[in-house]
Amino acid sequence: MIAFNIRGTWSIYKREVMRSLRTAFQSILSPVLTTSLYFIVFGTVIGARMEPVDGVAYGAFIIPGLLMLTLLGETTSNSSFGIYMPRFTGTIYELLSAPVGVAETLIGFVGAAATKGLILAAIILVTATFFVDYEIKYPLFAALYIMLIAASFSLFGFILGIWADGFEKLGIIPLLILTPLTFLGGTFYSIDDLPEPWNSVALANPIAFLVSGLRWTFYGTSDVPIALSLGLTLGFLAVCTAIIAFIFKTGWRLRE
């Protein structure tokens with residue numbers, strides 16, 4: 001029976017968390033300031049002229065989408081950068097030769113990225129209270145769903161960091177794919193309000209299911225069934241875990 005290396009996991013986790021804290025302004029304050037601007041422009045100025053969406057005031061309606069926008073980008077970027085730098089500097093070989101297995105490595109790297117995502121989510125929710133009034137209908141489900149999203153995209157970012165062979169590639173997926181898909185995934189509107197065929201086109205966007213699922217935990221309403229959103233998220237988590245297990249088994253890009 002192989003013992004779980006708790007000390008090794010904690011060392012990786014602590015190092016990654018401390019790295020995030022050293023760049024607190026860029027990695028934490030900057031997204032919060034950006035989100036605050038969205039609340040001011042869309043929530044306060046435009047929201048005052050908008051009718052409630054599904055019985056929810058517009059300023060409150062956009063909170064889950066804005067939270068998802070920050071969560072996806074930051075967890076993916078943080079996790080990808082965390083594994084890319086050891087590859088870039090060559091210290092990845094020290095990690096590979098250490099008595100630390102795949103599970104311990106993933107828990108350390110992904111746990112740190114997910115922790116940062118949860119901290120950002122908490123800060124954004126506190127920030128939102130200064131601009132709009134809102135209540136979370138299912139706070140426990142919301143916390144669990146946010147943790148699931150953070151873990152899933154931290155794993156995705158881990159894969160991205162192993163795949164990338166240059167700094168420019170680290171930003172391709174978060175900036176050119178995740179951010180546009182989040183904007184088009186019902187962040188500022190309800191997909192049900194779109195006419196056909198745009199309603200069906202929007203539902204082809206996987207991020208729309210994540211935004212809709214998080215919105216259900218907040219207000220009990222969503223564009224798609226919560227079971228479908230949860231199932232797709234768990235499936236994505238399983239696929240990312242399987243890919244990372246394959247990478248460590250074959251050494252793809254880790255030993256090059």
# chains A, B, ... in the order shown; residues from 1 in each chain; ligands from 1

$ residues_around --residues "range 106-121 of chain A" --least-positions-apart "6" --cutoff "6 Å" --atoms "only C-alpha atoms" --output "ChimeraX atom specification"
/A:9,12-13,16-17,71,75,78-79,150-151,154

$ write_last_selection --atoms "all heavy atoms" --output "PDB file, in the first residue's frame"
ATOM      1  N   THR A   9       2.466  17.256  -0.427  1.00  0.00           N
ATOM      2  CA  THR A   9       1.293  17.973  -0.932  1.00  0.00           C
ATOM      3  C   THR A   9       1.204  19.365  -0.316  1.00  0.00           C
ATOM      4  O   THR A   9       0.943  20.352  -1.015  1.00  0.00           O
ATOM      5  CB  THR A   9       0.016  17.178  -0.611  1.00  0.00           C
ATOM      6  OG1 THR A   9       0.109  15.878  -1.196  1.00  0.00           O
ATOM      7  CG2 THR A   9      -1.209  17.891  -1.155  1.00  0.00           C
ATOM      8  N   ILE A  12       3.819  21.817  -1.823  1.00  0.00           N
ATOM      9  CA  ILE A  12       3.428  22.329  -3.139  1.00  0.00           C
ATOM     10  C   ILE A  12       2.314  23.358  -2.994  1.00  0.00           C
ATOM     11  O   ILE A  12       2.343  24.439  -3.601  1.00  0.00           O
ATOM     12  CB  ILE A  12       2.982  21.176  -4.056  1.00  0.00           C
ATOM     13  CG1 ILE A  12       4.157  20.236  -4.333  1.00  0.00           C
ATOM     14  CG2 ILE A  12       2.425  21.719  -5.370  1.00  0.00           C
ATOM     15  CD1 ILE A  12       3.761  18.982  -5.097  1.00  0.00           C
ATOM     16  N   TYR A  13       1.336  23.021  -2.173  1.00  0.00           N
ATOM     17  CA  TYR A  13       0.188  23.916  -1.966  1.00  0.00           C
ATOM     18  C   TYR A  13       0.640  25.248  -1.377  1.00  0.00           C
ATOM     19  O   TYR A  13       0.258  26.319  -1.869  1.00  0.00           O
ATOM     20  CB  TYR A  13      -0.815  23.229  -1.044  1.00  0.00           C
ATOM     21  CG  TYR A  13      -1.983  24.104  -0.645  1.00  0.00           C
ATOM     22  CD1 TYR A  13      -3.093  24.231  -1.470  1.00  0.00           C
ATOM     23  CD2 TYR A  13      -1.973  24.803   0.566  1.00  0.00           C
ATOM     24  CE1 TYR A  13      -4.163  25.033  -1.099  1.00  0.00           C
ATOM     25  CE2 TYR A  13      -3.040  25.599   0.941  1.00  0.00           C
ATOM     26  CZ  TYR A  13      -4.131  25.713   0.104  1.00  0.00           C
ATOM     27  OH  TYR A  13      -5.179  26.509   0.463  1.00  0.00           O
ATOM     28  N   GLU A  16       2.569  27.492  -3.891  1.00  0.00           N
ATOM     29  CA  GLU A  16       1.727  28.105  -4.902  1.00  0.00           C
ATOM     30  C   GLU A  16       0.853  29.215  -4.313  1.00  0.00           C
ATOM     31  O   GLU A  16       0.639  30.242  -4.951  1.00  0.00           O
ATOM     32  CB  GLU A  16       0.855  27.037  -5.566  1.00  0.00           C
ATOM     33  CG  GLU A  16       1.624  26.100  -6.471  1.00  0.00           C
ATOM     34  CD  GLU A  16       2.327  26.834  -7.587  1.00  0.00           C
ATOM     35  OE1 GLU A  16       1.643  27.541  -8.355  1.00  0.00           O
ATOM     36  OE2 GLU A  16       3.559  26.728  -7.674  1.00  0.00           O
ATOM     37  N   VAL A  17       0.356  29.010  -3.104  1.00  0.00           N
ATOM     38  CA  VAL A  17      -0.446  30.060  -2.457  1.00  0.00           C
ATOM     39  C   VAL A  17       0.408  31.291  -2.184  1.00  0.00           C
ATOM     40  O   VAL A  17      -0.018  32.434  -2.424  1.00  0.00           O
ATOM     41  CB  VAL A  17      -1.077  29.540  -1.160  1.00  0.00           C
ATOM     42  CG1 VAL A  17      -1.708  30.687  -0.371  1.00  0.00           C
ATOM     43  CG2 VAL A  17      -2.130  28.483  -1.462  1.00  0.00           C
ATOM     44  N   LEU A  71     -13.847  33.834 -12.172  1.00  0.00           N
ATOM     45  CA  LEU A  71     -13.442  32.527 -11.653  1.00  0.00           C
ATOM     46  C   LEU A  71     -12.767  31.684 -12.730  1.00  0.00           C
ATOM     47  O   LEU A  71     -11.700  31.103 -12.497  1.00  0.00           O
ATOM     48  CB  LEU A  71     -14.670  31.805 -11.102  1.00  0.00           C
ATOM     49  CG  LEU A  71     -14.423  30.570 -10.238  1.00  0.00           C
ATOM     50  CD1 LEU A  71     -13.668  30.944  -8.980  1.00  0.00           C
ATOM     51  CD2 LEU A  71     -15.742  29.900  -9.890  1.00  0.00           C
ATOM     52  N   THR A  75      -8.660  31.031 -12.263  1.00  0.00           N
ATOM     53  CA  THR A  75      -8.237  29.679 -11.892  1.00  0.00           C
ATOM     54  C   THR A  75      -7.449  29.026 -13.020  1.00  0.00           C
ATOM     55  O   THR A  75      -6.446  28.350 -12.776  1.00  0.00           O
ATOM     56  CB  THR A  75      -9.453  28.801 -11.542  1.00  0.00           C
ATOM     57  OG1 THR A  75     -10.419  28.864 -12.598  1.00  0.00           O
ATOM     58  CG2 THR A  75     -10.093  29.249 -10.252  1.00  0.00           C
ATOM     59  N   ASN A  78      -3.944  30.935 -13.255  1.00  0.00           N
ATOM     60  CA  ASN A  78      -3.079  30.681 -12.113  1.00  0.00           C
ATOM     61  C   ASN A  78      -2.521  29.258 -12.140  1.00  0.00           C
ATOM     62  O   ASN A  78      -1.335  29.032 -11.894  1.00  0.00           O
ATOM     63  CB  ASN A  78      -3.852  30.910 -10.812  1.00  0.00           C
ATOM     64  CG  ASN A  78      -2.953  30.949  -9.600  1.00  0.00           C
ATOM     65  OD1 ASN A  78      -2.157  31.869  -9.421  1.00  0.00           O
ATOM     66  ND2 ASN A  78      -3.053  29.943  -8.754  1.00  0.00           N
ATOM     67  N   SER A  79      -3.373  28.284 -12.437  1.00  0.00           N
ATOM     68  CA  SER A  79      -2.936  26.897 -12.470  1.00  0.00           C
ATOM     69  C   SER A  79      -1.974  26.647 -13.623  1.00  0.00           C
ATOM     70  O   SER A  79      -0.980  25.929 -13.469  1.00  0.00           O
ATOM     71  CB  SER A  79      -4.154  25.975 -12.580  1.00  0.00           C
ATOM     72  OG  SER A  79      -3.758  24.631 -12.526  1.00  0.00           O
ATOM     73  N   ALA A 150     -14.094  25.809  -9.678  1.00  0.00           N
ATOM     74  CA  ALA A 150     -12.703  26.192  -9.460  1.00  0.00           C
ATOM     75  C   ALA A 150     -11.770  25.001  -9.635  1.00  0.00           C
ATOM     76  O   ALA A 150     -10.708  25.108 -10.275  1.00  0.00           O
ATOM     77  CB  ALA A 150     -12.537  26.795  -8.065  1.00  0.00           C
ATOM     78  N   ALA A 151     -12.155  23.845  -9.088  1.00  0.00           N
ATOM     79  CA  ALA A 151     -11.321  22.645  -9.216  1.00  0.00           C
ATOM     80  C   ALA A 151     -11.238  22.191 -10.675  1.00  0.00           C
ATOM     81  O   ALA A 151     -10.156  21.828 -11.167  1.00  0.00           O
ATOM     82  CB  ALA A 151     -11.869  21.530  -8.342  1.00  0.00           C
ATOM     83  N   SER A 154      -9.113  24.614 -12.677  1.00  0.00           N
ATOM     84  CA  SER A 154      -7.723  24.523 -12.240  1.00  0.00           C
ATOM     85  C   SER A 154      -7.049  23.326 -12.906  1.00  0.00           C
ATOM     86  O   SER A 154      -5.895  23.409 -13.342  1.00  0.00           O
ATOM     87  CB  SER A 154      -7.655  24.390 -10.718  1.00  0.00           C
ATOM     88  OG  SER A 154      -8.135  25.550 -10.082  1.00  0.00           O
TER      89      SER A 154
END

$ closest_atom_pairs --of "range 103-160 of chain A" --to "range 195-219 of chain A" --cutoff "9 Å" --atoms "only C-alpha atoms" --output "CSV"
residue,atom,partner,partner_atom,distance
A:Tyr134,CA,A:Phe218,CA,8.7
A:Glu135,CA,A:Phe218,CA,7.0
A:Ile136,CA,A:Phe218,CA,4.3
A:Lys137,CA,A:Phe218,CA,5.1
A:Tyr138,CA,A:Thr217,CA,5.2
A:Pro139,CA,A:Thr217,CA,7.0
A:Leu140,CA,A:Thr217,CA,8.5
A:Phe141,CA,A:Thr217,CA,6.0
A:Ala142,CA,A:Thr217,CA,5.1
A:Ala143,CA,A:Thr217,CA,8.9
A:Tyr145,CA,A:Leu214,CA,6.9
A:Ile146,CA,A:Leu214,CA,7.6
A:Ile149,CA,A:Leu210,CA,8.0

$ closest_residue --among "A:Phe39, A:Phe131, A:Phe236, A:Phe88" --to "Ser152 in chain A" --atoms "only C-alpha atoms"
A:Phe236

$ closest_residue --among "A:Tyr189, A:Leu144, A:Gly171, A:Ile28" --to "Glu51 in chain A" --atoms "only C-alpha atoms"
A:Tyr189

$ residues_around --residues "Ile162 in chain A" --least-positions-apart "3" --cutoff "9 Å" --atoms "only C-alpha atoms" --output "list of chain:residue names"
A:Ser80, A:Ile83, A:Tyr84, A:Arg87, A:Gly157, A:Phe158, A:Ile159, A:Asp165, A:Ile247, A:Trp252, A:Arg253, A:Leu254

$ write_last_selection --atoms "N, CA and C atoms" --output "JSON list (two decimals), in the first residue's frame"
[["chain", "number", "residue", "atom", "x", "y", "z"],
["A", 80, "SER", "N", -2.24, 27.22, -14.80],
["A", 80, "SER", "CA", -1.36, 27.00, -15.95],
["A", 80, "SER", "C", 0.01, 27.63, -15.72],
["A", 83, "ILE", "N", 2.28, 25.49, -13.18],
["A", 83, "ILE", "CA", 3.00, 24.31, -13.67],
["A", 83, "ILE", "C", 3.94, 24.67, -14.81],
["A", 84, "TYR", "N", 3.66, 25.77, -15.54],
["A", 84, "TYR", "CA", 4.53, 26.14, -16.66],
["A", 84, "TYR", "C", 5.89, 26.63, -16.16],
["A", 87, "ARG", "N", 8.45, 24.00, -15.54],
["A", 87, "ARG", "CA", 8.92, 23.47, -16.82],
["A", 87, "ARG", "C", 9.88, 24.43, -17.48],
["A", 157, "GLY", "N", -6.47, 24.33, -16.44],
["A", 157, "GLY", "CA", -5.31, 25.20, -16.52],
["A", 157, "GLY", "C", -4.01, 24.43, -16.37],
["A", 158, "PHE", "N", -4.01, 23.38, -15.55],
["A", 158, "PHE", "CA", -2.84, 22.52, -15.39],
["A", 158, "PHE", "C", -2.47, 21.88, -16.73],
["A", 159, "ILE", "N", -3.49, 21.40, -17.44],
["A", 159, "ILE", "CA", -3.25, 20.82, -18.77],
["A", 159, "ILE", "C", -2.71, 21.88, -19.73],
["A", 165, "ASP", "N", 4.16, 25.86, -24.88],
["A", 165, "ASP", "CA", 5.62, 25.88, -25.04],
["A", 165, "ASP", "C", 6.16, 27.31, -25.10],
["A", 247, "ILE", "N", -0.96, 12.14, -18.94],
["A", 247, "ILE", "CA", 0.26, 12.94, -19.12],
["A", 247, "ILE", "C", 1.36, 12.49, -18.17],
["A", 252, "TRP", "N", 4.44, 13.10, -21.23],
["A", 252, "TRP", "CA", 4.32, 14.02, -22.37],
["A", 252, "TRP", "C", 4.60, 15.45, -21.94],
["A", 253, "ARG", "N", 5.59, 16.05, -22.56],
["A", 253, "ARG", "CA", 6.03, 17.43, -22.33],
["A", 253, "ARG", "C", 6.63, 17.66, -20.94],
["A", 254, "LEU", "N", 6.55, 16.70, -20.06],
["A", 254, "LEU", "CA", 7.15, 16.86, -18.74],
["A", 254, "LEU", "C", 8.62, 16.49, -18.75]]

$ closest_residue --among "A:Val45, A:Met50, A:Val56, A:Leu176" --to "Gly220 in chain A" --atoms "only C-alpha atoms"
A:Val56

$ closest_residue --among "A:Tyr38, A:Phe130, A:Trp10, A:Phe246" --to "Leu67 in chain A" --atoms "only C-alpha atoms"
A:Tyr38
